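J.: One structure, pasted below without further comment.
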Amino acid sequence: MTDVLDGVRDHYRATGLTERLKTALNSLGTEEQRLTPQQLAALDQFHTRGLAATADLAKLAGITTDMSVLDVGSGVGGPARFLAATYGCRVTGVDLSEPFVEAARYLTERTGQSGQVSFETASALELPFDDGGFDVVLLQHVAMNISDRARLYREIRRVLKSGGRFATFDIVLNEGEPHYPVPWARTPATSFLLTAAATREAIEPAGFSTLAWQDDTEAAKAWIVRLRASGPPPSPNLGVVMGPDFAQLSANLGRNLMEGRLGILSAVFEAV
Ligand SMILES: C[S@@+](CC[C@H](N)C(=O)[O-])C[C@H]1O[C@@H](n2cnc3c(N)ncnc32)[C@H](O)[C@@H]1O
């Protein structure tokens, strides 16, 4: 398993990320100027449909002000900052990638949210939290990097209060093999996709009952059509985080969705 985690870490190694972000963000203002989650959305929402997908999932999960939210595989922290800014809730993020966590903390200082949003480096398979501390756990475009799904969903259940909610936004396998490289894996060695049905079969036995179940593939395809039509992406974007091949990784995700090889699932579960 360590080999797999090392492979995933290597994919998201992002050498010198915080320094690159500092340079890229010069175009949005000086270090002293506060940035909004919306200004960062093209580079810090690392999943299909970007900020709109995070906003939709938060609504589906029923997040409110008084909640304590854990974002598992929090990336560079865009979803965590958006949730805290929109709902006033406290958000903790954990991610396997040390450079991502460092970048997430830096971006959170730039948005002035460090009192409300924090990040730790840790594996989703060994969450550094006591049992039953969170009202909501979010998992957006992370599960496809994790082979031991039973352990992942057990860990998420363990840190949730009874009656708490687990909201997942996943890429799922439909038909045939995906074209690689893709944004989460440059080769199949670190990609562990399941079908939507198999995802549910892995989640429910961990102690969950299904509250909402949505096939979001068509919305994702419509987003890709709009992106293709709108010309070059806004700057700065996720290319700063993932490097110069990001355009090719994302083009392959689009192709896999359009060809019906992959699908997109949003679902919310109650911890029972
Ligand atoms: C495609 S990015 C999504 C980031 C974030 N959820 C978002 O939507 O902006 C996948 C993230 O999952 C993290 N990740 C992958 N496997 C992990 C694991 N076993 N434990 C914690 N984080 C993991 C990666 O480091 C990366 O930041």
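Ligands are numbered from 1 in the order shown, residues from 1 within each chain, and chains are lettered A, B, ... in the order they appear in the structure tokens.
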To check your reading of the model: which residues sit at most 8 Å from ligand 1 when counting only C-alpha atoms and all ligand atoms? Write the answer as a VMD selection string.

T.: chain A and resid 5 8 to 9 12 44 to 47 50 54 71 to 79 94 to 97 100 121 to 125 139 to 146 183 to 184

J.: Could you name the residues that touch A:Arg157 at 10 Å or less, counting only C-alpha atoms, but leaving out those on the same chain fewer than 5 positions away, as number ranges by chain?

T.: A: 131-132, 134, 137, 151-152, 162, 164-166, 203, 206-208, 270-272

J.: Please give the complete set of residues from stretch 41-145 of chain A that DSSP, run on the backbone, assigns to strand (DSSP E), formatted as a PyMOL selection string.

T.: chain A and resi 68-72+90-95+117-121+134-140

J.: Quick one: residues within 12 Å of A:Asp56, only C-alpha atoms counted, chain neighbours fewer than 6 positions away excluded, as a PDB file with N, CA and C atoms, in the first residue's frame?

T.:
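Everything below was put into part32.pdb:
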```
ATOM      1  N   ARG A  49     -16.328  20.537 -13.253  1.00  0.00           N
ATOM      2  CA  ARG A  49     -17.315  21.608 -13.020  1.00  0.00           C
ATOM      3  C   ARG A  49     -16.911  22.606 -11.924  1.00  0.00           C
ATOM      4  N   GLY A  50     -15.683  22.513 -11.430  1.00  0.00           N
ATOM      5  CA  GLY A  50     -15.125  23.552 -10.572  1.00  0.00           C
ATOM      6  C   GLY A  50     -16.018  24.007  -9.423  1.00  0.00           C
ATOM      7  N   GLY A  62     -26.598  19.774   2.725  1.00  0.00           N
ATOM      8  CA  GLY A  62     -27.304  20.560   3.744  1.00  0.00           C
ATOM      9  C   GLY A  62     -26.376  21.195   4.761  1.00  0.00           C
ATOM     10  N   ILE A  63     -25.245  21.727   4.306  1.00  0.00           N
ATOM     11  CA  ILE A  63     -24.278  22.361   5.227  1.00  0.00           C
ATOM     12  C   ILE A  63     -24.867  23.659   5.791  1.00  0.00           C
ATOM     13  N   PRO A  79     -12.271  24.149  -2.158  1.00  0.00           N
ATOM     14  CA  PRO A  79     -13.589  23.814  -1.614  1.00  0.00           C
ATOM     15  C   PRO A  79     -13.728  24.215  -0.142  1.00  0.00           C
ATOM     16  N   PHE A  82     -14.247  27.959   0.102  1.00  0.00           N
ATOM     17  CA  PHE A  82     -15.572  28.346  -0.399  1.00  0.00           C
ATOM     18  C   PHE A  82     -16.658  28.025   0.630  1.00  0.00           C
ATOM     19  N   LEU A  83     -16.594  26.828   1.228  1.00  0.00           N
ATOM     20  CA  LEU A  83     -17.628  26.437   2.209  1.00  0.00           C
ATOM     21  C   LEU A  83     -17.606  27.373   3.413  1.00  0.00           C
ATOM     22  N   GLN A 140     -14.250  14.942  -2.661  1.00  0.00           N
ATOM     23  CA  GLN A 140     -14.471  15.334  -4.055  1.00  0.00           C
ATOM     24  C   GLN A 140     -13.298  14.897  -4.927  1.00  0.00           C
ATOM     25  N   ALA A 167     -20.687  13.423   1.985  1.00  0.00           N
ATOM     26  CA  ALA A 167     -21.032  13.857   0.623  1.00  0.00           C
ATOM     27  C   ALA A 167     -19.862  13.551  -0.300  1.00  0.00           C
ATOM     28  N   THR A 168     -20.125  12.791  -1.357  1.00  0.00           N
ATOM     29  CA  THR A 168     -19.050  12.417  -2.269  1.00  0.00           C
ATOM     30  C   THR A 168     -19.356  12.846  -3.698  1.00  0.00           C
ATOM     31  N   PHE A 169     -18.307  13.287  -4.382  1.00  0.00           N
ATOM     32  CA  PHE A 169     -18.413  13.714  -5.784  1.00  0.00           C
ATOM     33  C   PHE A 169     -17.283  12.982  -6.501  1.00  0.00           C
ATOM     34  N   GLN A 214     -27.136  10.966  -7.421  1.00  0.00           N
ATOM     35  CA  GLN A 214     -27.338  11.707  -8.664  1.00  0.00           C
ATOM     36  C   GLN A 214     -26.291  11.348  -9.708  1.00  0.00           C
ATOM     37  N   ASP A 216     -24.381  12.797 -12.469  1.00  0.00           N
ATOM     38  CA  ASP A 216     -24.095  14.153 -12.959  1.00  0.00           C
ATOM     39  C   ASP A 216     -23.281  14.158 -14.253  1.00  0.00           C
ATOM     40  N   ALA A 219     -24.325  16.876 -16.896  1.00  0.00           N
ATOM     41  CA  ALA A 219     -23.905  18.233 -16.502  1.00  0.00           C
ATOM     42  C   ALA A 219     -22.404  18.412 -16.746  1.00  0.00           C
ATOM     43  N   SER A 266     -22.691  12.211  -7.885  1.00  0.00           N
ATOM     44  CA  SER A 266     -22.802  12.970  -6.629  1.00  0.00           C
ATOM     45  C   SER A 266     -23.703  12.162  -5.707  1.00  0.00           C
ATOM     46  N   ALA A 267     -23.294  12.011  -4.459  1.00  0.00           N
ATOM     47  CA  ALA A 267     -24.146  11.263  -3.531  1.00  0.00           C
ATOM     48  C   ALA A 267     -23.939  11.750  -2.106  1.00  0.00           C
ATOM     49  N   VAL A 268     -24.997  11.651  -1.325  1.00  0.00           N
ATOM     50  CA  VAL A 268     -24.923  12.022   0.092  1.00  0.00           C
ATOM     51  C   VAL A 268     -25.469  10.857   0.917  1.00  0.00           C
TER      52      VAL A 268
END
```

J.: Any idea what's packed within 10 Å of A:Ala24, counting only C-alpha atoms, ignoring anything in its chain fewer than 3 positions away? Could you give it as a PyMOL selection string?

T.: chain A and resi 18-21+27-28+235-237+240

J.: Here is a test: counting only C-alpha atoms, which residue of A:Leu40, A:Leu60, A:Ala52, A:Glu177 is nearest to A:Leu107?

T.: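 Under the stated criterion, the closest residue is A:Leu40.
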
J.: Using only C-alpha atoms, determine which residues lie at most 10 Å from A:Pro233, disregarding the query and same-chain residues fewer than 6 positions distant; provide the list as a VMD selection string.

T.: chain A and resid 42 227 239 247

J.: Assign secondary structure with DSSP using the backbone only, and return the residues of stretch 43-266 of chain A in helix (DSSP H, G or I) as a ChimeraX atom specification.

T.: /A:43-44,50-61,78-87,98-110,143-145,149-159,188-190,196-206,217-229,239-242,246-258
